[in-house]
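S.K.: Sharing my_file.txt here; it has compact mmCIF, C-alpha atoms and all ligand atoms.
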# COMPACT_ATOMS: atom_id res chain seq x y z
CA MET A 1228 -68.74 -69.89 82.31
CA ILE A 1229 -68.95 -66.97 84.71
CA SER A 1230 -67.34 -63.95 83.08
CA GLY A 1231 -64.36 -62.59 85.03
CA ILE A 1232 -64.73 -64.98 88.00
CA TYR A 1233 -60.95 -65.46 88.05
CA ASN A 1234 -60.26 -61.72 88.56
CA TYR A 1235 -60.92 -61.68 92.29
CA CYS A 1236 -60.44 -65.28 93.38
CA ASP A 1237 -57.63 -66.60 95.55
CA ARG A 1238 -56.26 -68.85 92.78
CA TRP A 1239 -56.64 -71.92 94.92
CA CYS A 1240 -58.18 -73.96 92.09
CA GLU A 1241 -57.70 -77.20 93.99
CA ARG A 1242 -60.14 -75.92 96.59
CA CYS A 1243 -62.42 -73.88 94.33
CA SER A 1244 -66.02 -74.90 93.81
CA PHE A 1245 -66.31 -73.01 90.53
CA THR A 1246 -63.73 -74.87 88.43
CA ASN A 1247 -66.40 -76.02 85.97
CA ARG A 1248 -67.51 -72.42 85.43
CA CYS A 1249 -64.10 -70.78 85.17
CA ALA A 1250 -62.52 -70.12 81.75
CA THR A 1251 -59.02 -69.78 83.25
CA PHE A 1252 -59.25 -73.20 84.82
CA ALA A 1253 -60.68 -74.73 81.62
CA LEU A 1254 -57.93 -73.16 79.54
CA GLU A 1255 -55.20 -74.32 81.90
CA GLN A 1256 -56.61 -77.85 81.87
CA GLU A 1257 -56.75 -77.82 78.08
CA GLN A 1258 -53.34 -76.30 77.46
CA PHE A 1259 -51.42 -77.56 80.45
CA PRO A 1260 -52.88 -80.91 81.49
CA ASP A 1261 -49.64 -81.59 83.34
CA PRO A 1262 -48.03 -78.20 83.97
CA GLU A 1263 -45.02 -79.53 85.84
CA LYS A 1264 -44.16 -81.86 83.02
CA ASP A 1265 -44.73 -79.17 80.43
CA MET A 1266 -42.57 -76.73 82.30
CA LYS A 1267 -39.70 -79.15 82.01
CA ASN A 1268 -40.47 -79.92 78.44
CA GLU A 1269 -38.10 -78.33 75.98
CA VAL A 1270 -40.86 -78.07 73.37
CA PHE A 1271 -42.85 -75.91 75.77
CA TRP A 1272 -40.02 -73.38 76.07
CA ASP A 1273 -39.29 -73.50 72.34
CA LYS A 1274 -42.91 -72.65 71.60
CA LEU A 1275 -42.84 -69.79 74.07
CA SER A 1276 -39.70 -68.38 72.55
CA GLU A 1277 -41.31 -68.52 69.07
CA VAL A 1278 -44.27 -66.53 70.39
CA PHE A 1279 -41.89 -64.02 71.93
CA GLU A 1280 -40.01 -63.53 68.67
CA LEU A 1281 -43.21 -63.12 66.63
CA THR A 1282 -44.53 -60.60 69.13
CA MET A 1283 -41.31 -58.60 69.04
CA GLU A 1284 -41.40 -58.52 65.22
CA MET A 1285 -44.98 -57.24 65.35
CA ILE A 1286 -44.09 -54.51 67.86
CA LEU A 1287 -41.11 -53.32 65.79
CA GLU A 1288 -43.14 -53.23 62.56
CA ASP A 1289 -46.02 -51.36 64.17
CA ALA A 1290 -43.68 -48.86 65.78
CA GLU A 1291 -42.01 -48.15 62.45
CA ASP A 1292 -45.37 -47.73 60.66
CA LEU A 1293 -46.56 -45.32 63.35
CA GLY A 1294 -43.29 -43.38 63.46
CA ILE A 1295 -42.64 -44.29 67.08
CA ASP A 1296 -39.03 -44.19 68.26
CA LEU A 1297 -38.84 -46.97 70.81
CA ASP A 1298 -35.58 -45.58 72.21
CA ASP A 1299 -37.04 -42.16 72.87
CA ILE A 1300 -38.33 -42.65 76.38
CA ASP A 1301 -38.76 -39.94 78.99
CA THR A 1302 -39.57 -41.83 82.14
CA GLU A 1303 -38.50 -39.30 84.74
CA GLU A 1304 -41.93 -37.96 85.68
CA PHE A 1305 -43.49 -41.39 85.49
CA ASP A 1306 -40.70 -42.91 87.59
CA ILE A 1307 -41.11 -40.28 90.31
CA ALA A 1308 -44.87 -40.89 90.47
CA ARG A 1309 -44.39 -44.67 90.59
CA GLU A 1310 -41.74 -44.34 93.27
CA ASN A 1311 -44.08 -42.23 95.40
CA VAL A 1312 -46.89 -44.77 95.04
CA ALA A 1313 -44.53 -47.64 95.82
CA GLU A 1314 -43.17 -45.77 98.86
CA LEU A 1315 -46.63 -44.90 100.16
CA THR A 1316 -47.70 -48.53 99.75
CA LYS A 1317 -44.63 -49.93 101.46
CA ASN A 1318 -44.94 -47.58 104.42
CA HIS A 1319 -48.66 -48.00 104.94
CA HIS A 1320 -49.56 -49.64 108.24
CA CYS A 1321 -51.67 -52.35 106.50
CA SER A 1322 -48.73 -53.32 104.33
CA LYS A 1323 -46.43 -53.34 107.36
CA LEU A 1324 -48.83 -55.40 109.45
CA SER A 1325 -49.27 -58.00 106.72
CA GLN A 1326 -45.50 -58.14 106.20
CA GLU A 1327 -44.98 -58.58 109.94
CA TYR A 1328 -47.56 -61.38 109.94
CA ILE A 1329 -45.41 -63.29 107.42
CA SER A 1330 -42.34 -62.89 109.64
CA ILE A 1331 -44.18 -63.82 112.84
CA ILE A 1332 -45.67 -67.03 111.49
CA THR A 1333 -42.47 -68.03 109.70
CA ALA A 1334 -40.72 -67.77 113.07
CA TRP A 1335 -43.54 -69.68 114.80
CA PHE A 1336 -43.43 -72.59 112.36
CA ASP A 1337 -39.68 -72.65 112.78
CA ASP A 1338 -39.93 -72.68 116.58
CA VAL A 1339 -42.50 -75.47 116.71
CA LYS A 1340 -41.19 -77.67 113.91
CA ASP A 1341 -40.26 -80.43 116.38
CA LEU A 1342 -43.61 -80.17 118.12
CA LEU A 1343 -45.43 -80.30 114.78
CA ALA A 1344 -43.36 -83.26 113.59
CA HIS A 1345 -44.06 -85.10 116.83
CA LYS A 1346 -47.78 -84.39 116.61
CA THR A 1347 -47.97 -85.36 112.94
CA GLU A 1348 -46.13 -88.60 113.66
CA ALA A 1349 -48.47 -89.49 116.53
CA LEU A 1350 -51.49 -88.78 114.37
CA GLU A 1351 -50.09 -90.80 111.47
CA ASN A 1352 -49.44 -93.73 113.81
CA ASN A 1353 -53.05 -93.61 114.91
CA SER A 1354 -54.29 -93.73 111.35
CA ARG A 1355 -51.89 -96.62 110.56
CA ILE A 1356 -53.44 -98.72 113.30
CA GLY A 1357 -56.92 -97.84 112.09
CA ILE A 1358 -57.87 -95.15 114.58
CA GLU A 1359 -59.97 -92.60 112.75
CA ASP A 1360 -58.28 -89.31 113.49
CA ASP A 1361 -60.12 -86.12 112.60
CA GLU A 1362 -57.43 -84.07 114.29
CA ALA A 1363 -54.82 -85.30 111.81
CA LYS A 1364 -56.93 -84.21 108.89
CA GLU A 1365 -57.74 -80.94 110.60
CA LEU A 1366 -54.08 -80.19 111.27
CA HIS A 1367 -53.21 -80.91 107.66
CA ASP A 1368 -56.03 -78.65 106.44
CA ILE A 1369 -55.23 -75.72 108.68
CA ILE A 1370 -51.54 -75.77 107.81
CA GLU A 1371 -52.57 -75.77 104.16
CA ILE A 1372 -54.91 -72.81 104.68
CA ILE A 1373 -52.36 -70.77 106.65
CA SER A 1374 -49.66 -71.48 104.08
CA TRP A 1375 -51.88 -70.61 101.12
CA TYR A 1376 -52.81 -67.18 102.45
CA LYS A 1377 -49.51 -66.40 104.19
CA TYR A 1378 -48.10 -64.35 101.30
CA GLN A 1379 -51.31 -63.72 99.38
CA ILE A 1380 -52.75 -61.43 102.07
CA HIS A 1381 -49.71 -59.13 101.84
CA VAL A 1382 -49.64 -59.20 98.04
CA LYS A 1383 -53.35 -58.36 97.74
CA ILE A 1384 -53.17 -55.62 100.36
CA ASN A 1385 -50.24 -54.04 98.55
CA ARG A 1386 -52.10 -54.29 95.25
CA GLY A 1387 -55.14 -52.59 96.80
CA LEU A 1388 -53.02 -49.85 98.37
CA HIS A 1389 -51.14 -49.32 95.15
CA GLY A 1390 -54.42 -48.87 93.28
CA LYS A 1391 -55.68 -46.47 95.92
CA PHE A 1392 -52.57 -44.30 95.80
CA ASP A 1393 -52.28 -44.41 92.08
CA ASP A 1394 -53.70 -41.18 90.66
CA MET A 1395 -55.26 -43.09 87.80
CA GLU A 1396 -57.77 -44.70 90.08
CA GLU A 1397 -59.22 -41.35 91.16
CA ASP A 1398 -61.21 -41.37 87.94
CA ALA A 1399 -62.20 -45.01 88.22
CA ASP A 1400 -65.86 -45.89 88.54
CA PHE A 1401 -67.22 -47.99 91.35
CA PRO A 1402 -66.58 -50.90 91.82
CA LYS A 1403 -62.89 -50.27 92.27
CA ASP A 1404 -60.28 -52.86 91.45
CA SER A 1405 -58.50 -51.98 94.70
CA ASP A 1406 -61.63 -52.96 96.68
CA GLY A 1407 -61.71 -56.30 94.83
CA SER A 1408 -58.10 -57.02 95.76
CA ILE A 1409 -58.70 -56.01 99.35
CA LYS A 1410 -61.77 -58.23 99.56
CA VAL A 1411 -59.63 -61.22 98.56
CA ALA A 1412 -57.10 -60.19 101.24
CA LEU A 1413 -59.85 -59.87 103.85
CA ILE A 1414 -61.28 -63.28 103.02
CA GLY A 1415 -57.78 -64.75 103.31
CA THR A 1416 -57.43 -62.99 106.67
CA ASP A 1417 -60.79 -64.32 107.92
CA ARG A 1418 -59.89 -67.87 106.91
CA SER A 1419 -56.45 -67.56 108.47
CA ILE A 1420 -58.00 -66.34 111.72
CA ALA A 1421 -60.28 -69.39 111.72
CA ALA A 1422 -57.35 -71.68 110.96
CA TRP A 1423 -55.27 -70.21 113.82
CA GLY A 1424 -58.27 -70.64 116.11
CA LYS A 1425 -58.25 -74.34 115.29
CA MET A 1426 -54.49 -74.45 115.67
CA LEU A 1427 -54.93 -73.14 119.20
CA SER A 1428 -57.33 -75.96 120.04
CA ILE A 1429 -54.75 -78.51 118.83
CA PHE A 1430 -51.80 -76.84 120.58
CA PRO A 1431 -53.19 -75.25 123.77
CA GLU A 1432 -49.64 -75.14 125.16
CA GLN A 1433 -48.87 -72.54 122.46
CA GLU A 1434 -51.63 -70.24 123.67
CA ASP A 1435 -49.52 -67.08 124.18
CA GLU A 1436 -47.78 -67.36 120.82
CA ILE A 1437 -50.95 -68.15 118.87
CA LEU A 1438 -52.87 -65.38 120.59
CA ASP A 1439 -50.16 -62.93 119.49
CA ILE A 1440 -50.63 -64.13 115.93
CA LEU A 1441 -54.41 -63.78 116.20
CA VAL A 1442 -54.06 -60.25 117.58
CA GLN A 1443 -51.80 -59.37 114.66
CA LEU A 1444 -54.36 -60.70 112.16
CA GLU A 1445 -57.29 -59.03 113.87
CA ARG A 1446 -55.44 -55.71 113.93
CA LEU A 1447 -54.67 -56.12 110.26
CA ARG A 1448 -58.32 -56.93 109.50
CA ARG A 1449 -59.57 -53.86 111.37
CA TYR A 1450 -57.09 -51.43 109.84
CA THR A 1451 -57.76 -52.79 106.38
CA GLU A 1452 -61.53 -52.49 106.76
CA LYS A 1453 -61.09 -48.93 108.01
CA GLU A 1454 -58.85 -48.02 105.10
CA PHE A 1455 -61.13 -49.68 102.55
CA PRO A 1456 -64.66 -49.32 103.95
CA GLU A 1457 -66.30 -50.49 100.72
CA ALA A 1458 -64.16 -53.56 100.14
CA ARG A 1459 -66.42 -56.02 101.96
CA ASP A 1460 -69.34 -54.96 99.73
CA PHE A 1461 -67.39 -55.54 96.53
CA LYS A 1462 -69.27 -58.12 94.47
CA ARG A 1463 -66.97 -60.72 92.99
CA ALA A 1464 -68.35 -62.39 89.88
CA GLY A 1465 -69.71 -65.80 90.79
CA PHE A 1466 -68.59 -65.90 94.41
CA ASP A 1467 -70.80 -63.10 95.73
CA GLU A 1468 -73.79 -63.52 93.44
S1 LIG A 1501 -62.12 -68.97 89.99
FE1 LIG A 1501 -61.58 -70.89 90.97
S2 LIG A 1501 -60.99 -72.25 89.29
FE2 LIG A 1501 -60.96 -70.15 88.49
S3 LIG A 1501 -58.82 -69.47 88.72
FE3 LIG A 1501 -59.97 -68.83 90.56
S4 LIG A 1501 -59.67 -70.48 92.06
FE4 LIG A 1501 -59.10 -71.30 90.03
Re-express the file's structure as structure tokens.
Ligand code: SF4
M.R.:
Amino acid sequence: MISGIYNYCDRWCERCSFTNRCATFALEQEQFPDPEKDMKNEVFWDKLSEVFELTMEMILEDAEDLGIDLDDIDTEEFDIARENVAELTKNHHCSKLSQEYISIITAWFDDVKDLLAHKTEALENNSRIGIEDDEAKELHDIIEIISWYKYQIHVKINRGLHGKFDDMEEDADFPKDSDGSIKVALIGTDRSIAAWGKMLSIFPEQEDEILDILVQLERLRRYTEKEFPEARDFKRAGFDE
């Protein structure tokens, strides 16, 4: 097992080459061999609710022993600080660019849904009659890649910005958690750029639209690298060793 490998991965276990060295994956396989089924399983939820109740009992007992009044909470100062960090994050140009990217590609997929369906159908027909079609596989793969990173880039950028703006991180040692999150976002951006490049070769008639998307991603990549100059050098356990 590689310690902490799961901290800065993209959670795409299906595509990960380190599943046999990842404790999170091993644990999930052991505890949730069929997560979908388990999620629906009443026993699963009953067990979880037992754990919740036991945990609450423990918290209440500990609080009483330590003389802590759980109702005595002064959150005003903390709330103001959190609001400022959240506001700074939301208004940062990297956050805005990544949010815009989500909107732009959602609109693009919506606009070309007929074209995509037509293309997919033609490619499927080819494979049905035994014509080996690399383009079909490629199209499937690139849509999967774009979809996987579509939201993750924004989430990881916001996490990195949040860490950067959070006062607590001023004291943090290098390597910074924010750089780790940003590195995952940058890798997702790189892969998305590559996927859109391939998309362009499959749909040359969509050149203007896809170039706009690529410009958006490239701008995002540049701004993010400028804002987090050390992120690319962050060493992720396993992946960068
Ligand atoms: S390191 Fe790989 S196997 Fe482990 S959680 Fe991340 S993507 Fe999944």
S.K.: Could you tell me, counting only C-alpha atoms and all ligand atoms, which protein and nucleic acid residues lie no more than 6 Å from ligand LIG 1501 (chain A), written as a list of chain:residue names?
M.R.: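 Taking only C-alpha atoms and all ligand atoms into account, the residues around ligand LIG 1501 (chain A) at most 6 Å away are A:Ile1232, A:Tyr1233, A:Cys1236, A:Asp1237, A:Arg1238, A:Trp1239, A:Cys1240, A:Cys1243, A:Phe1245, A:Thr1246, A:Cys1249, A:Thr1251, A:Phe1252.
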S.K.: One number please: atom CA of A:Gly1231 to atom CA of A:Ile1384, in Å, one decimal.
M.R.: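 Separation between atom CA of A:Gly1231 and atom CA of A:Ile1384: 20.2 Å.
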S.K.: May I ask which of the residues A:Arg1449, A:Arg1418, A:Arg1463, A:Arg1309 is the closest one to A:Ser1230, counting all atoms listed in the file?
M.R.: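 Checking each of A:Arg1449, A:Arg1418, A:Arg1463, A:Arg1309 against A:Ser1230, counting all atoms listed in the file, the winner is A:Arg1463.
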S.K.: Hey, can you check how far atom CA of A:Glu1314 sits from atom CA of A:Gly1387?
M.R.: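 Spanning atom CA of A:Glu1314 to atom CA of A:Gly1387 is a straight-line distance of 13.9 Å.
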S.K.: Can you work out the spacing between atom CA of A:Leu1324 and atom CA of A:Asp1337 in Å, to one decimal?
M.R.: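 A separation of 19.8 Å between them.
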S.K.: Compile the contact shell of A:Val1312 as a PyMOL selection string: residues with an atom at most 7 Å away, counting only C-alpha atoms, same-chain residues fewer than 2 positions apart removed.
M.R.: chain A and resi 1308-1310+1314-1316+1389+1392-1393
S.K.: Any idea what's packed within 8 Å of A:Leu1444, counting all atoms listed in the file, ignoring anything in its chain fewer than 2 positions away? Could you give it as a JSON list (two decimals) with C-alpha atoms, in the frame of the given file?
M.R.:
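Result went into around23.json, see below:
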[["chain", "number", "residue", "atom", "x", "y", "z"],
["A", 1325, "SER", "CA", -49.27, -58.00, 106.72],
["A", 1328, "TYR", "CA", -47.56, -61.38, 109.94],
["A", 1416, "THR", "CA", -57.43, -62.99, 106.67],
["A", 1420, "ILE", "CA", -58.00, -66.34, 111.72],
["A", 1440, "ILE", "CA", -50.63, -64.13, 115.93],
["A", 1441, "LEU", "CA", -54.41, -63.78, 116.20],
["A", 1442, "VAL", "CA", -54.06, -60.25, 117.58],
["A", 1446, "ARG", "CA", -55.44, -55.71, 113.93],
["A", 1447, "LEU", "CA", -54.67, -56.12, 110.26],
["A", 1448, "ARG", "CA", -58.32, -56.93, 109.50]]
S.K.: Please determine, counting all atoms listed in the file, which residue among A:Ile1369, A:Ile1295, A:Ile1409, A:Ala1363 has the shortest atom-to-atom distance to A:Gly1390.
M.R.: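 Using all atoms listed in the file, A:Gly1390 sits closest to A:Ile1409.
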S.K.: Taking all atoms listed in the file into account, name the residue in A:Met1228, A:Val1339, A:Ile1329, A:Ala1421 that is nearest to A:Asp1368.
M.R.: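 Between A:Met1228, A:Val1339, A:Ile1329, A:Ala1421, the residue approaching A:Asp1368 most closely is A:Ala1421.
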S.K.: Taking only C-alpha atoms into account, which of A:Ile1437, A:Ile1331, A:Cys1321, A:Ala1464 comes nearest A:Glu1452?
M.R.: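 Comparing A:Ile1437, A:Ile1331, A:Cys1321, A:Ala1464 against A:Glu1452, the winner is A:Cys1321.
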S.K.: Residues at most 9 Å from A:Ile1380, counting all atoms listed in the file, excluding those fewer than 3 positions away in the same chain, as a list in words?
M.R.: Ser1325, Gln1326, Tyr1376, Lys1377, Lys1383, Ile1384, Asn1385, Ile1409, Val1411, Ala1412, Leu1413, Ile1414, Gly1415 and Thr1416 of chain A
S.K.: Under the rule that all atoms listed in the file are counted, which of A:Leu1366, A:Leu1293, A:Ile1429, A:Ala1313 is the nearest residue to A:Arg1386?
M.R.: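 Among A:Leu1366, A:Leu1293, A:Ile1429, A:Ala1313, it is A:Ala1313 that comes nearest to A:Arg1386.
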S.K.: List the spatial neighbours of A:Leu1438 as a PyMOL selection string - criterion: any atom at most 9 Å away, all atoms listed in the file, same-chain residues fewer than 3 positions off excluded.
M.R.: chain A and resi 1423-1424+1427+1433-1435+1441-1443
